[in-house]
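Enquirer: Starting off with a structure, shown below.
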Amino acid sequence: MTKLDAPPADAAPRRGRPRKAQAGASGDTSASILDAAEDLFSKHGFYGVTIREVAREAGVDTALVHYYFGSKRELFDAVFLRRAEIWNGERVAAVDRYAREAGPDGMTLEGLLEAFLRPPFQWSLKGGPGWKHYSALVAQTNANPTFGGETMARYFDPAIRRLIELIKQVLPEAREVDLYWAYHNLSGALTLTLGETGRLDRLSGGLCRSGDLESACDYMVRFAAAGFRAVCAPPEKG
């Protein structure tokens, strides 16, 4: 551990900022810790990773992980927030732009879902290893019964609620309960697909590739649009 990395001797964990002379090194150190934690959490889950393992992977002292991020849960939240802000900010901007350019009468389910789904697929496809790790982490968290629901709600719900608001304009007769069930099914399909587990490759005997995210997004837009229409259709009158 270098002098630039070391926290002041009298500093409490996570309080204050490093001095200006240390800012660059501090940013590199905290980013390295986040990258290492993201990689490990995506492979082993929250409970399968220790602070000591994160420190070893990042090449820093364990005390530095606590200094920058506090507890393991706080570190996990920092990992989750870092890319969630980018991912969901782009999704909201994309659906808002689509709604503005198409106008209320020109919007379609396919157009809205394309705008909403394309950013996470593109980041996972072209953003490098860190985004692959993050996509796998989101897939794990979305299925975690202990704190997954709370974590996803905190970081993802505002973007999802905006999508549902716009879908209501396309399907004005849809019931609220049907809209939320329809999105629930889309959410599971999205996170499983972004996890790139290889299940599809084996199931199809190589006909389909879970890493073919361009095709995956195209299929998901069509599948989800049809699903929303089917689930939200008014009940037939007997």
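Going by the structure tokens order, chains are called A, B, ..., each with residues numbered from 1, while ligands are numbered from 1 in the order shown.
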What residues in stretch 95-149 of chain A get the DSSP label helix (DSSP H, G or I)? Please answer as a PyMOL selection string.

Expert: chain A and resi 95-102+109-126+129-142+148-149

Enquirer: Select, from A:Ala230, A:Leu112, A:Leu75, A:Val221, the residue with the minimum atom-to-atom distance to A:Phe46, counting only C-alpha atoms.

Expert: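 Closest to A:Phe46, using only C-alpha atoms: A:Leu75.
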
Enquirer: Can you work out which one of A:Phe156, A:Tyr68, A:Trp123, A:Phe76 has the shortest atom-to-atom distance to A:Asn88, counting only C-alpha atoms?

Expert: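 Distance minimum relative to A:Asn88 lands on A:Phe156.
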
Enquirer: Please list as a list in words every residue within 12 Å of A:Ala143, counting only C-alpha atoms and excluding residues in the same chain fewer than 4 positions away.

Expert: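 Selected residues are Gly45, Ala136, Leu137, Val138, Ala139, Phe147, Gly148, Gly149, Glu150, Thr151, Met152, His184, Ser187, Gly188, Ala189, Leu190, Thr191, Leu192 and Gly195 of chain A.
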
Enquirer: Which residue, A:Ala78, A:Ala226, A:Val95, A:Ala233, has the smallest gap to A:Pro119 when you use only C-alpha atoms?

Expert: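 Of A:Ala78, A:Ala226, A:Val95, A:Ala233, the one nearest A:Pro119, counting only C-alpha atoms, is A:Val95.
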